[in-house]
file query-v2.cif (mmCIF, C-alpha atoms)
data_my_file
loop_
_atom_site.group_PDB
_atom_site.id
_atom_site.type_symbol
_atom_site.label_atom_id
_atom_site.label_comp_id
_atom_site.auth_asym_id
_atom_site.auth_seq_id
_atom_site.Cartn_x
_atom_site.Cartn_y
_atom_site.Cartn_z
ATOM 1 C CA MET A 218 60.549 66.735 119.331
ATOM 2 C CA THR A 219 62.990 68.771 117.307
ATOM 3 C CA THR A 220 64.751 71.401 119.354
ATOM 4 C CA GLY A 221 65.763 74.838 118.154
ATOM 5 C CA ALA A 222 69.425 73.874 118.387
ATOM 6 C CA SER A 223 68.914 70.831 116.136
ATOM 7 C CA ARG A 224 66.848 72.811 113.635
ATOM 8 C CA LEU A 225 69.725 75.269 113.381
ATOM 9 C CA GLY A 226 72.342 72.557 113.302
ATOM 10 C CA TRP A 227 73.270 73.553 109.758
ATOM 11 C CA PHE A 228 74.308 77.024 110.934
ATOM 12 C CA ARG A 229 78.005 77.350 111.712
ATOM 13 C CA PRO A 230 78.823 80.924 112.724
ATOM 14 C CA SER A 231 82.270 82.118 111.735
ATOM 15 C CA ARG A 232 84.682 83.775 114.135
ATOM 16 C CA TRP A 233 83.566 87.102 112.629
ATOM 17 C CA PHE A 234 79.928 86.414 113.542
ATOM 18 C CA ARG A 235 80.920 86.120 117.201
ATOM 19 C CA LEU A 236 82.362 89.642 116.995
ATOM 20 C CA ALA A 237 79.195 91.158 115.509
ATOM 21 C CA TRP A 238 78.313 92.721 118.858
ATOM 22 C CA ILE A 239 81.249 95.133 118.442
ATOM 23 C CA VAL A 240 79.418 97.175 115.798
ATOM 24 C CA PRO A 241 76.334 98.122 117.880
ATOM 25 C CA ALA A 242 78.533 98.579 120.971
ATOM 26 C CA LEU A 243 80.780 100.950 119.033
ATOM 27 C CA LEU A 244 77.795 102.921 117.735
ATOM 28 C CA VAL A 245 76.401 103.259 121.262
ATOM 29 C CA ALA A 246 79.814 104.374 122.556
ATOM 30 C CA LEU A 247 80.106 106.969 119.776
ATOM 31 C CA ALA A 248 76.606 108.293 120.507
ATOM 32 C CA LEU A 249 77.427 108.611 124.209
ATOM 33 C CA ALA A 250 80.685 110.399 123.364
ATOM 34 C CA VAL A 251 78.790 112.900 121.184
ATOM 35 C CA PHE A 252 76.244 113.576 123.940
ATOM 36 C CA ALA A 253 78.999 113.974 126.544
ATOM 37 C CA ALA A 254 81.079 116.299 124.355
ATOM 38 C CA THR A 255 78.025 118.379 123.469
ATOM 39 C CA GLY A 256 77.123 118.744 127.151
ATOM 40 C CA LEU A 257 80.674 119.652 128.138
ATOM 41 C CA SER A 258 80.989 122.225 125.374
ATOM 42 C CA ALA A 259 77.895 124.014 126.702
ATOM 43 C CA LEU A 260 79.399 124.549 130.163
ATOM 44 C CA PRO A 261 80.544 128.167 130.725
ATOM 45 C CA SER A 262 84.015 127.150 131.889
ATOM 46 C CA VAL A 263 84.504 124.890 128.866
ATOM 47 C CA GLU A 264 83.205 127.573 126.508
ATOM 48 C CA SER A 265 85.760 129.981 127.984
ATOM 49 C CA PHE A 266 88.504 127.378 127.586
ATOM 50 C CA MET A 267 87.596 126.808 123.918
ATOM 51 C CA ARG A 268 87.581 130.548 123.236
ATOM 52 C CA SER A 269 91.078 130.807 124.712
ATOM 53 C CA TYR A 270 92.226 127.716 122.805
ATOM 54 C CA PRO A 271 90.237 127.516 119.545
ATOM 55 C CA GLY A 272 92.055 124.385 118.372
ATOM 56 C CA VAL A 273 94.984 125.816 116.375
ATOM 57 C CA SER A 274 98.456 125.878 117.883
ATOM 58 C CA THR A 275 100.845 128.790 117.417
ATOM 59 C CA GLN A 276 102.614 128.339 114.077
ATOM 60 C CA PRO A 277 106.217 129.340 113.261
ATOM 61 C CA ALA A 278 106.528 132.089 110.663
ATOM 62 C CA ALA A 279 108.561 129.766 108.434
ATOM 63 C CA VAL A 280 105.791 127.179 107.990
ATOM 64 C CA PRO A 281 105.414 126.582 104.225
ATOM 65 C CA ILE A 282 102.015 127.192 102.658
ATOM 66 C CA GLY A 283 100.394 124.539 100.540
ATOM 67 C CA ILE A 284 101.125 120.915 99.726
ATOM 68 C CA PRO A 285 103.767 120.242 97.052
ATOM 69 C CA ALA A 286 103.268 117.610 94.348
ATOM 70 C CA TRP A 287 105.938 115.312 95.818
ATOM 71 C CA LEU A 288 104.042 115.176 99.106
ATOM 72 C CA ALA A 289 100.797 114.246 97.333
ATOM 73 C CA TRP A 290 102.574 111.396 95.514
ATOM 74 C CA GLN A 291 104.303 110.271 98.702
ATOM 75 C CA HIS A 292 100.969 110.247 100.531
ATOM 76 C CA GLY A 293 99.350 108.130 97.821
ATOM 77 C CA LEU A 294 102.220 105.633 97.697
ATOM 78 C CA ASN A 295 102.355 105.404 101.476
ATOM 79 C CA ALA A 296 98.602 104.731 101.645
ATOM 80 C CA PHE A 297 99.011 101.943 99.074
ATOM 81 C CA PHE A 298 101.979 100.297 100.783
ATOM 82 C CA ILE A 299 100.627 100.549 104.337
ATOM 83 C CA LEU A 300 97.366 98.834 103.357
ATOM 84 C CA PHE A 301 99.295 95.824 102.073
ATOM 85 C CA VAL A 302 101.669 95.923 105.041
ATOM 86 C CA ILE A 303 98.616 95.656 107.316
ATOM 87 C CA ARG A 304 97.008 92.962 105.185
ATOM 88 C CA THR A 305 100.099 90.760 105.025
ATOM 89 C CA GLY A 306 100.873 91.410 108.691
ATOM 90 C CA TRP A 307 97.421 90.166 109.637
ATOM 91 C CA GLN A 308 97.917 87.108 107.401
ATOM 92 C CA VAL A 309 101.145 86.340 109.260
ATOM 93 C CA GLN A 310 99.277 86.614 112.573
ATOM 94 C CA ARG A 311 96.426 84.359 111.428
ATOM 95 C CA THR A 312 98.513 81.633 109.747
ATOM 96 C CA HIS A 313 99.080 78.966 112.400
ATOM 97 C CA ARG A 314 100.004 75.997 110.209
ATOM 98 C CA PRO A 315 101.659 77.339 107.051
ATOM 99 C CA SER A 316 102.095 74.907 104.186
ATOM 100 C CA ILE A 317 104.138 77.008 101.750
ATOM 101 C CA PHE A 318 107.579 78.432 102.461
ATOM 102 C CA TRP A 319 110.138 80.557 100.663
ATOM 103 C CA THR A 320 113.887 80.405 100.939
ATOM 104 C CA ARG A 321 116.561 82.494 99.293
ATOM 105 C CA THR A 322 118.528 80.806 96.528
ATOM 106 C CA ASN A 323 122.029 80.477 97.970
ATOM 107 C CA THR A 324 123.916 80.676 94.686
ATOM 108 C CA GLY A 325 125.970 83.163 92.711
ATOM 109 C CA ARG A 326 126.347 86.587 94.240
ATOM 110 C CA PHE A 327 123.750 85.652 96.883
ATOM 111 C CA ARG A 328 125.877 82.807 98.244
ATOM 112 C CA THR A 329 126.718 83.120 101.930
ATOM 113 C CA LYS A 330 128.382 80.893 104.512
ATOM 114 C CA ASN A 331 125.154 80.572 106.469
ATOM 115 C CA PRO A 332 122.386 78.385 105.057
ATOM 116 C CA PRO A 333 119.393 80.362 103.726
ATOM 117 C CA ILE A 334 116.559 80.857 106.189
ATOM 118 C CA ARG A 335 113.156 79.389 105.391
ATOM 119 C CA ILE A 336 110.194 81.708 105.958
ATOM 120 C CA THR A 337 106.492 81.380 105.266
ATOM 121 C CA LEU A 338 105.086 82.790 102.046
ATOM 122 C CA GLU A 339 102.935 85.161 104.120
ATOM 123 C CA LEU A 340 106.022 86.519 105.885
ATOM 124 C CA TRP A 341 107.791 86.894 102.523
ATOM 125 C CA GLN A 342 104.917 89.089 101.292
ATOM 126 C CA HIS A 343 105.010 91.110 104.500
ATOM 127 C CA ILE A 344 108.763 91.714 104.216
ATOM 128 C CA VAL A 345 108.434 92.766 100.559
ATOM 129 C CA PHE A 346 105.771 95.386 101.307
ATOM 130 C CA ASP A 347 107.619 96.442 104.460
ATOM 131 C CA THR A 348 110.716 97.092 102.358
ATOM 132 C CA LEU A 349 108.801 99.130 99.768
ATOM 133 C CA TRP A 350 107.084 101.103 102.553
ATOM 134 C CA ALA A 351 110.420 101.746 104.305
ATOM 135 C CA VAL A 352 112.145 102.913 101.095
ATOM 136 C CA ASN A 353 109.238 105.242 100.363
ATOM 137 C CA GLY A 354 109.471 106.467 103.957
ATOM 138 C CA ILE A 355 113.170 107.269 103.651
ATOM 139 C CA VAL A 356 112.470 109.360 100.547
ATOM 140 C CA PHE A 357 109.641 111.057 102.445
ATOM 141 C CA TYR A 358 111.867 111.952 105.417
ATOM 142 C CA VAL A 359 114.590 113.379 103.169
ATOM 143 C CA LEU A 360 112.140 115.563 101.236
ATOM 144 C CA LEU A 361 110.259 116.504 104.405
ATOM 145 C CA PHE A 362 113.337 118.088 105.990
ATOM 146 C CA ALA A 363 114.844 119.354 102.730
ATOM 147 C CA THR A 364 111.742 121.420 101.919
ATOM 148 C CA GLY A 365 110.756 122.572 105.417
ATOM 149 C CA GLN A 366 107.482 120.662 105.313
ATOM 150 C CA TRP A 367 108.387 119.118 108.681
ATOM 151 C CA LEU A 368 107.273 122.379 110.301
ATOM 152 C CA ARG A 369 103.675 121.526 109.396
ATOM 153 C CA ILE A 370 103.621 118.331 111.499
ATOM 154 C CA VAL A 371 106.071 118.972 114.352
ATOM 155 C CA PRO A 372 104.742 120.768 117.470
ATOM 156 C CA THR A 373 106.766 123.888 118.257
ATOM 157 C CA ASN A 374 104.667 125.394 121.067
ATOM 158 C CA TRP A 375 103.242 123.974 124.290
ATOM 159 C CA ASP A 376 99.819 125.403 123.479
ATOM 160 C CA VAL A 377 99.383 122.495 121.067
ATOM 161 C CA PHE A 378 98.088 120.330 123.943
ATOM 162 C CA PRO A 379 95.175 122.486 125.206
ATOM 163 C CA ASN A 380 94.332 123.303 121.588
ATOM 164 C CA ALA A 381 94.276 119.581 120.789
ATOM 165 C CA VAL A 382 91.791 119.041 123.644
ATOM 166 C CA SER A 383 89.660 121.852 122.232
ATOM 167 C CA ALA A 384 89.788 120.393 118.716
ATOM 168 C CA GLY A 385 88.902 116.968 120.105
ATOM 169 C CA LEU A 386 85.813 118.382 121.833
ATOM 170 C CA GLN A 387 84.784 120.070 118.589
ATOM 171 C CA TYR A 388 85.131 116.827 116.637
ATOM 172 C CA ALA A 389 83.338 114.791 119.321
ATOM 173 C CA SER A 390 80.424 117.236 119.472
ATOM 174 C CA LEU A 391 80.165 117.119 115.646
ATOM 175 C CA ASP A 392 80.976 120.828 115.482
ATOM 176 C CA TRP A 393 83.885 120.330 113.089
ATOM 177 C CA PRO A 394 86.910 122.626 113.506
ATOM 178 C CA THR A 395 87.353 125.098 110.655
ATOM 179 C CA GLY A 396 89.240 123.307 107.880
ATOM 180 C CA ALA A 397 92.383 125.028 106.618
ATOM 181 C CA GLY A 398 94.609 122.099 105.710
ATOM 182 C CA TRP A 399 96.216 123.991 102.834
ATOM 183 C CA LEU A 400 97.598 126.562 105.290
ATOM 184 C CA TYR A 401 97.984 124.619 108.559
ATOM 185 C CA TYR A 402 96.643 121.667 110.521
ATOM 186 C CA ASN A 403 94.661 122.005 113.714
ATOM 187 C CA ALA A 404 96.401 120.937 116.924
ATOM 188 C CA LEU A 405 94.838 117.466 117.050
ATOM 189 C CA GLN A 406 95.798 116.777 113.425
ATOM 190 C CA LEU A 407 99.311 118.050 114.106
ATOM 191 C CA LEU A 408 99.809 115.726 117.073
ATOM 192 C CA SER A 409 98.275 112.794 115.172
ATOM 193 C CA TYR A 410 100.488 113.231 112.120
ATOM 194 C CA PHE A 411 103.536 113.726 114.332
ATOM 195 C CA ALA A 412 102.743 110.480 116.172
ATOM 196 C CA VAL A 413 102.320 108.567 112.905
ATOM 197 C CA VAL A 414 105.441 109.890 111.170
ATOM 198 C CA PHE A 415 107.912 110.191 114.034
ATOM 199 C CA LEU A 416 106.693 107.614 116.572
ATOM 200 C CA ALA A 417 104.568 104.814 115.093
ATOM 201 C CA ALA A 418 106.490 104.408 111.828
ATOM 202 C CA PRO A 419 109.947 104.155 113.499
ATOM 203 C CA ILE A 420 108.562 101.767 116.142
ATOM 204 C CA ALA A 421 107.089 99.552 113.410
ATOM 205 C CA LEU A 422 110.406 99.541 111.538
ATOM 206 C CA VAL A 423 112.627 98.886 114.571
ATOM 207 C CA THR A 424 110.417 96.130 116.001
ATOM 208 C CA GLY A 425 110.063 94.583 112.554
ATOM 209 C CA LEU A 426 113.842 94.462 112.137
ATOM 210 C CA ARG A 427 114.178 93.011 115.630
ATOM 211 C CA MET A 428 111.771 90.212 114.671
ATOM 212 C CA SER A 429 113.319 89.580 111.253
ATOM 213 C CA PRO A 430 114.309 85.880 110.972
ATOM 214 C CA GLY A 431 117.650 86.811 109.422
ATOM 215 C CA LEU A 432 118.532 89.302 112.154
ATOM 216 C CA SER A 433 116.954 87.973 115.345
ATOM 217 C CA ALA A 434 119.541 85.194 115.658
ATOM 218 C CA ARG A 435 122.378 87.679 115.174
ATOM 219 C CA LEU A 436 120.904 90.113 117.702
ATOM 220 C CA ARG A 437 120.750 87.718 120.628
ATOM 221 C CA PRO A 438 122.807 90.100 122.810
ATOM 222 C CA LEU A 439 119.716 92.358 122.726
ATOM 223 C CA ASP A 440 117.510 89.702 124.327
ATOM 224 C CA ARG A 441 118.025 91.165 127.788
ATOM 225 C CA VAL A 442 117.250 94.778 126.916
ATOM 226 C CA PHE A 443 114.845 94.222 124.011
ATOM 227 C CA PRO A 444 113.474 90.660 124.070
ATOM 228 C CA LEU A 445 111.603 89.283 121.090
ATOM 229 C CA PRO A 446 108.238 88.922 122.927
ATOM 230 C CA VAL A 447 108.307 92.663 123.686
ATOM 231 C CA ALA A 448 109.123 93.447 120.057
ATOM 232 C CA ARG A 449 106.218 91.278 118.867
ATOM 233 C CA LYS A 450 103.729 92.951 121.207
ATOM 234 C CA LEU A 451 104.902 96.438 120.227
ATOM 235 C CA HIS A 452 104.785 95.519 116.551
ATOM 236 C CA PHE A 453 101.225 94.210 116.773
ATOM 237 C CA ALA A 454 100.102 97.195 118.875
ATOM 238 C CA THR A 455 101.538 99.508 116.209
ATOM 239 C CA LEU A 456 99.583 97.633 113.536
ATOM 240 C CA ILE A 457 96.357 98.197 115.510
ATOM 241 C CA PHE A 458 97.262 101.871 115.915
ATOM 242 C CA PHE A 459 97.715 102.259 112.149
ATOM 243 C CA VAL A 460 94.367 100.587 111.476
ATOM 244 C CA ALA A 461 92.584 102.879 113.942
ATOM 245 C CA PHE A 462 94.322 105.959 112.549
ATOM 246 C CA ILE A 463 93.429 105.072 108.946
ATOM 247 C CA VAL A 464 89.752 104.486 109.802
ATOM 248 C CA VAL A 465 89.429 107.807 111.649
ATOM 249 C CA HIS A 466 91.553 109.678 109.096
ATOM 250 C CA VAL A 467 89.522 108.501 106.097
ATOM 251 C CA LEU A 468 86.233 109.146 107.915
ATOM 252 C CA LEU A 469 87.203 112.734 108.728
ATOM 253 C CA VAL A 470 88.607 113.390 105.249
ATOM 254 C CA LEU A 471 85.281 112.353 103.711
ATOM 255 C CA THR A 472 83.085 114.208 106.213
ATOM 256 C CA THR A 473 84.923 117.530 106.540
ATOM 257 C CA GLY A 474 84.970 118.662 102.916
ATOM 258 C CA ALA A 475 85.873 115.607 100.869
ATOM 259 C CA ARG A 476 86.488 117.358 97.551
ATOM 260 C CA ALA A 477 88.801 120.029 98.991
ATOM 261 C CA ASN A 478 90.633 117.502 101.181
ATOM 262 C CA LEU A 479 91.194 115.076 98.306
ATOM 263 C CA ASN A 480 92.416 117.924 96.109
ATOM 264 C CA HIS A 481 94.981 118.796 98.781
ATOM 265 C CA MET A 482 96.073 115.218 99.376
ATOM 266 C CA TYR A 483 96.049 113.736 95.880
ATOM 267 C CA ALA A 484 96.248 116.639 93.422
ATOM 268 C CA ALA A 485 98.263 119.206 95.433
ATOM 269 C CA ARG A 486 95.655 121.828 94.535
ATOM 270 C CA ASN A 487 93.649 124.271 96.624
ATOM 271 C CA ASP A 488 90.387 124.524 94.712
ATOM 272 C CA ASP A 489 86.957 122.896 94.437
ATOM 273 C CA GLY A 490 87.714 120.933 91.276
ATOM 274 C CA TRP A 491 87.318 117.194 90.857
ATOM 275 C CA LEU A 492 90.892 116.220 89.950
ATOM 276 C CA GLY A 493 91.752 115.009 93.459
ATOM 277 C CA VAL A 494 88.573 112.926 93.589
ATOM 278 C CA TRP A 495 89.323 111.215 90.279
ATOM 279 C CA ILE A 496 92.924 110.498 91.289
ATOM 280 C CA PHE A 497 91.642 109.062 94.578
ATOM 281 C CA VAL A 498 89.096 106.867 92.765
ATOM 282 C CA ALA A 499 91.773 105.665 90.322
ATOM 283 C CA ALA A 500 94.076 104.847 93.250
ATOM 284 C CA LEU A 501 91.269 102.875 94.922
ATOM 285 C CA LEU A 502 90.632 100.894 91.730
ATOM 286 C CA VAL A 503 94.316 100.052 91.295
ATOM 287 C CA THR A 504 94.597 99.038 94.948
ATOM 288 C CA ALA A 505 91.449 96.892 94.728
ATOM 289 C CA ALA A 506 92.693 95.192 91.544
ATOM 290 C CA ILE A 507 96.052 94.315 93.131
ATOM 291 C CA TRP A 508 94.339 93.295 96.391
ATOM 292 C CA LEU A 509 92.040 90.871 94.550
ATOM 293 C CA GLY A 510 94.793 89.724 92.195
ATOM 294 C CA ALA A 511 97.237 88.855 94.995
ATOM 295 C CA ARG A 512 96.024 85.274 95.156
ATOM 296 C CA PRO A 513 98.273 82.505 96.536
ATOM 297 C CA ALA A 514 99.102 81.166 93.068
ATOM 298 C CA VAL A 515 100.123 84.630 91.860
ATOM 299 C CA VAL A 516 102.166 85.332 94.974
ATOM 300 C CA ARG A 517 103.907 81.963 94.680
ATOM 301 C CA ALA A 518 104.841 82.673 91.065
ATOM 302 C CA ILE A 519 106.306 86.063 91.964
ATOM 303 C CA ALA A 520 108.145 84.714 95.017
ATOM 304 C CA ALA A 521 109.626 81.874 92.953
ATOM 305 C CA ARG A 522 111.504 84.423 90.828
ATOM 306 C CA SER A 523 113.578 85.495 93.832
ATOM 307 C CA GLY A 524 113.974 82.200 95.671
ATOM 308 C CA ARG A 525 112.764 78.644 96.046
ATOM 309 C CA ILE A 526 109.228 77.640 97.000
ATOM 310 C CA ILE A 527 108.897 74.719 99.414
ATOM 311 C CA HIS A 528 105.636 72.862 100.051
ATOM 312 C CA ARG A 529 105.309 71.158 103.405
ATOM 313 C CA LYS A 530 104.077 67.606 103.202
ATOM 314 C CA ARG A 531 100.742 67.090 104.884
#

call {"tool": "encode", "arguments": {"input": "query-v2.cif", "output": "structure tokens"}}
result
Amino acid sequence: MTTGASRLGWFRPSRWFRLAWIVPALLVALALAVFAATGLSALPSVESFMRSYPGVSTQPAAVPIGIPAWLAWQHGLNAFFILFVIRTGWQVQRTHRPSIFWTRTNTGRFRTKNPPIRITLELWQHIVFDTLWAVNGIVFYVLLFATGQWLRIVPTNWDVFPNAVSAGLQYASLDWPTGAGWLYYNALQLLSYFAVVFLAAPIALVTGLRMSPGLSARLRPLDRVFPLPVARKLHFATLIFFVAFIVVHVLLVLTTGARANLNHMYAARNDDGWLGVWIFVAALLVTAAIWLGARPAVVRAIAARSGRIIHRKR
């Protein structure tokens, strides 16, 4: 007699199929969080707390109003680069037996005493996008402090913490905080953006440099205070943090007034027009085209222009 297992012998679930339970579990967890936040918000003591701390921290008088064009462009470029940083970082994590390597051409003005280091093609891609992201970040930091825009994302009053709790309860109970992103961010947004810009990004850069094949050998004196295994764990944890932040950020942008939010972020305008939406759609199309076009053969051809491609014999 044919058993159920033999009848389904043709079925080979992928590793992603085994993780399918995460989706319903996440939906159940979100539903429970909404019910819990709604119940808490109805308690008299919590209502009093939320009236005292409506979700907006005290703002300095010098906080600039509006989003300048440079910040909109920086945001768009950063979104593009970070997506490919995450993609190539995940490829590095998942590639256990690489077959294609890249090495710098040790000739001409690139000649050094040390032999060139061989790295995987996936790591080469990751380093390229890391470099572009870091350069864009340096420009962002310079303009951020030169124009005073840093005041919009740096906490300056201790009331940011109770207000962040209040804003979190409002989000969790689906009673969205009043949107006023053109003028100021609510306390939870402020803390989130501060964490991304001034904590997560520097940690990703420092741990990435610590793990760099060209630098790790030269930084062996740091092994005692900052060992490579610690750097790897911090680097991967930061990648997960960025993924979680992007998912939540995009979800809230699209559900709390998408047109106005996209106008702020992509068109540097405070109106109900469609320019920000069209710029966002165009950016998505460009990103998707490059994402789909970044096939191994294309990447190899580009990498070969800056070094030598080596195929490992099987």

call {"tool": "atom_distance", "arguments": {"input": "query-v2.cif", "atom1": "CA of Leu300 in chain A", "atom2": "CA of Gly354 in chain A"}}
result
14.3 Å

call {"tool": "atom_distance", "arguments": {"input": "query-v2.cif", "atom1": "CA of Phe346 in chain A", "atom2": "CA of Val302 in chain A"}}
result
5.6 Å

call {"tool": "residues_around", "arguments": {"input": "query-v2.cif", "residues": "Leu288 in chain A", "least_positions_apart": "3", "cutoff": "10 Å", "atoms": "all atoms listed in the file", "output": "list in words"}}
result
Ile284, Pro285, Gln291, His292, Gly293, Leu294, Phe357, Leu360, Leu361, Gln366, His481, Met482, Tyr483, Ala484 and Ala485 of chain A

call {"tool": "write_last_selection", "arguments": {"input": "query-v2.cif", "atoms": "C-alpha atoms", "output": "PDB file, in the frame of the given file"}}
result
ATOM      1  CA  ILE A 284     101.125 120.915  99.726  1.00  0.00           C
ATOM      2  CA  PRO A 285     103.767 120.242  97.052  1.00  0.00           C
ATOM      3  CA  GLN A 291     104.303 110.271  98.702  1.00  0.00           C
ATOM      4  CA  HIS A 292     100.969 110.247 100.531  1.00  0.00           C
ATOM      5  CA  GLY A 293      99.350 108.130  97.821  1.00  0.00           C
ATOM      6  CA  LEU A 294     102.220 105.633  97.697  1.00  0.00           C
ATOM      7  CA  PHE A 357     109.641 111.057 102.445  1.00  0.00           C
ATOM      8  CA  LEU A 360     112.140 115.563 101.236  1.00  0.00           C
ATOM      9  CA  LEU A 361     110.259 116.504 104.405  1.00  0.00           C
ATOM     10  CA  GLN A 366     107.482 120.662 105.313  1.00  0.00           C
ATOM     11  CA  HIS A 481      94.981 118.796  98.781  1.00  0.00           C
ATOM     12  CA  MET A 482      96.073 115.218  99.376  1.00  0.00           C
ATOM     13  CA  TYR A 483      96.049 113.736  95.880  1.00  0.00           C
ATOM     14  CA  ALA A 484      96.248 116.639  93.422  1.00  0.00           C
ATOM     15  CA  ALA A 485      98.263 119.206  95.433  1.00  0.00           C
TER      16      ALA A 485
END

call {"tool": "residues_around", "arguments": {"input": "query-v2.cif", "residues": "range 316-323 of chain A", "least_positions_apart": "2", "cutoff": "6 Å", "atoms": "only C-alpha atoms", "output": "ChimeraX atom specification"}}
result
/A:327-328,333-338,524-529

call {"tool": "resolve_selection", "arguments": {"input": "query-v2.cif", "expression": "the PyMOL selection byres ((chain A and resi 250-256) around 9)", "output": "list of chain:residue names"}}
result
A:Val245, A:Ala246, A:Leu247, A:Ala248, A:Leu249, A:Leu257, A:Ser258, A:Ala259, A:Leu260, A:Gly385, A:Leu386, A:Gln387, A:Tyr388, A:Ala389, A:Ser390, A:Leu391, A:Asp392

call {"tool": "atom_distance", "arguments": {"input": "query-v2.cif", "atom1": "CA of Trp287 in chain A", "atom2": "CA of Gly425 in chain A"}}
result
27.0 Å

call {"tool": "resolve_selection", "arguments": {"input": "query-v2.cif", "expression": "the PyMOL selection byres ((chain A and resi 279-281) around 8)", "output": "compact mmCIF listing (two decimals) with C-alpha atoms, in the frame of the given file"}}
result
# COMPACT_ATOMS: atom_id res chain seq x y z
CA GLN A 276 102.61 128.34 114.08
CA PRO A 277 106.22 129.34 113.26
CA ALA A 278 106.53 132.09 110.66
CA ILE A 282 102.02 127.19 102.66
CA GLY A 283 100.39 124.54 100.54
CA GLY A 365 110.76 122.57 105.42
CA GLN A 366 107.48 120.66 105.31
CA LEU A 368 107.27 122.38 110.30
CA ARG A 369 103.68 121.53 109.40
CA LEU A 400 97.60 126.56 105.29

call {"tool": "resolve_selection", "arguments": {"input": "query-v2.cif", "expression": "the PyMOL selection byres ((chain A and resi 406) around 10)", "output": "MDAnalysis selection string"}}
result
chainID A and resid 272:273 370 381 384:385 398 401:405 407:412 466

call {"tool": "closest_residue", "arguments": {"input": "query-v2.cif", "among": "A:Pro394, A:Pro379, A:Pro261, A:Pro315", "to": "Leu340 in chain A", "atoms": "all atoms listed in the file"}}
result
A:Pro315

call {"tool": "residues_around", "arguments": {"input": "query-v2.cif", "residues": "Gln310 in chain A", "least_positions_apart": "2", "cutoff": "12 Å", "atoms": "all atoms listed in the file", "output": "list in words"}}
result
Ile303, Arg304, Thr305, Gly306, Trp307, Gln308, Thr312, His313, Arg314, Pro315, Thr337, Glu339, Leu340, His343, Arg449, Lys450, His452, Phe453 and Leu456 of chain A

call {"tool": "build_atoms", "arguments": {"input": "query-v2.cif", "residues": "range 351-363 of chain A", "atoms": "N, CA and C atoms", "output": "PDB file, keeping the file's coordinate frame"}}
result
ATOM      1  N   ALA A 351     109.273 101.116 103.646  1.00  0.00           N
ATOM      2  CA  ALA A 351     110.420 101.746 104.305  1.00  0.00           C
ATOM      3  C   ALA A 351     111.213 102.606 103.328  1.00  0.00           C
ATOM      4  N   VAL A 352     111.421 102.122 102.105  1.00  0.00           N
ATOM      5  CA  VAL A 352     112.145 102.913 101.095  1.00  0.00           C
ATOM      6  C   VAL A 352     111.378 104.191 100.782  1.00  0.00           C
ATOM      7  N   ASN A 353     110.066 104.056 100.602  1.00  0.00           N
ATOM      8  CA  ASN A 353     109.238 105.242 100.363  1.00  0.00           C
ATOM      9  C   ASN A 353     109.308 106.197 101.552  1.00  0.00           C
ATOM     10  N   GLY A 354     109.374 105.632 102.768  1.00  0.00           N
ATOM     11  CA  GLY A 354     109.471 106.467 103.957  1.00  0.00           C
ATOM     12  C   GLY A 354     110.775 107.221 104.041  1.00  0.00           C
ATOM     13  N   ILE A 355     111.873 106.590 103.635  1.00  0.00           N
ATOM     14  CA  ILE A 355     113.170 107.269 103.651  1.00  0.00           C
ATOM     15  C   ILE A 355     113.152 108.467 102.699  1.00  0.00           C
ATOM     16  N   VAL A 356     112.593 108.253 101.506  1.00  0.00           N
ATOM     17  CA  VAL A 356     112.470 109.360 100.547  1.00  0.00           C
ATOM     18  C   VAL A 356     111.611 110.472 101.142  1.00  0.00           C
ATOM     19  N   PHE A 357     110.538 110.080 101.817  1.00  0.00           N
ATOM     20  CA  PHE A 357     109.641 111.057 102.445  1.00  0.00           C
ATOM     21  C   PHE A 357     110.371 111.883 103.494  1.00  0.00           C
ATOM     22  N   TYR A 358     111.137 111.227 104.375  1.00  0.00           N
ATOM     23  CA  TYR A 358     111.867 111.952 105.417  1.00  0.00           C
ATOM     24  C   TYR A 358     112.868 112.937 104.815  1.00  0.00           C
ATOM     25  N   VAL A 359     113.591 112.503 103.795  1.00  0.00           N
ATOM     26  CA  VAL A 359     114.590 113.379 103.169  1.00  0.00           C
ATOM     27  C   VAL A 359     113.918 114.622 102.591  1.00  0.00           C
ATOM     28  N   LEU A 360     112.830 114.422 101.846  1.00  0.00           N
ATOM     29  CA  LEU A 360     112.140 115.563 101.236  1.00  0.00           C
ATOM     30  C   LEU A 360     111.448 116.416 102.294  1.00  0.00           C
ATOM     31  N   LEU A 361     110.956 115.769 103.347  1.00  0.00           N
ATOM     32  CA  LEU A 361     110.259 116.504 104.405  1.00  0.00           C
ATOM     33  C   LEU A 361     111.176 117.553 105.040  1.00  0.00           C
ATOM     34  N   PHE A 362     112.410 117.158 105.340  1.00  0.00           N
ATOM     35  CA  PHE A 362     113.337 118.088 105.990  1.00  0.00           C
ATOM     36  C   PHE A 362     114.036 118.995 104.979  1.00  0.00           C
ATOM     37  N   ALA A 363     114.183 118.527 103.741  1.00  0.00           N
ATOM     38  CA  ALA A 363     114.844 119.354 102.730  1.00  0.00           C
ATOM     39  C   ALA A 363     113.979 120.526 102.298  1.00  0.00           C
TER      40      ALA A 363
END
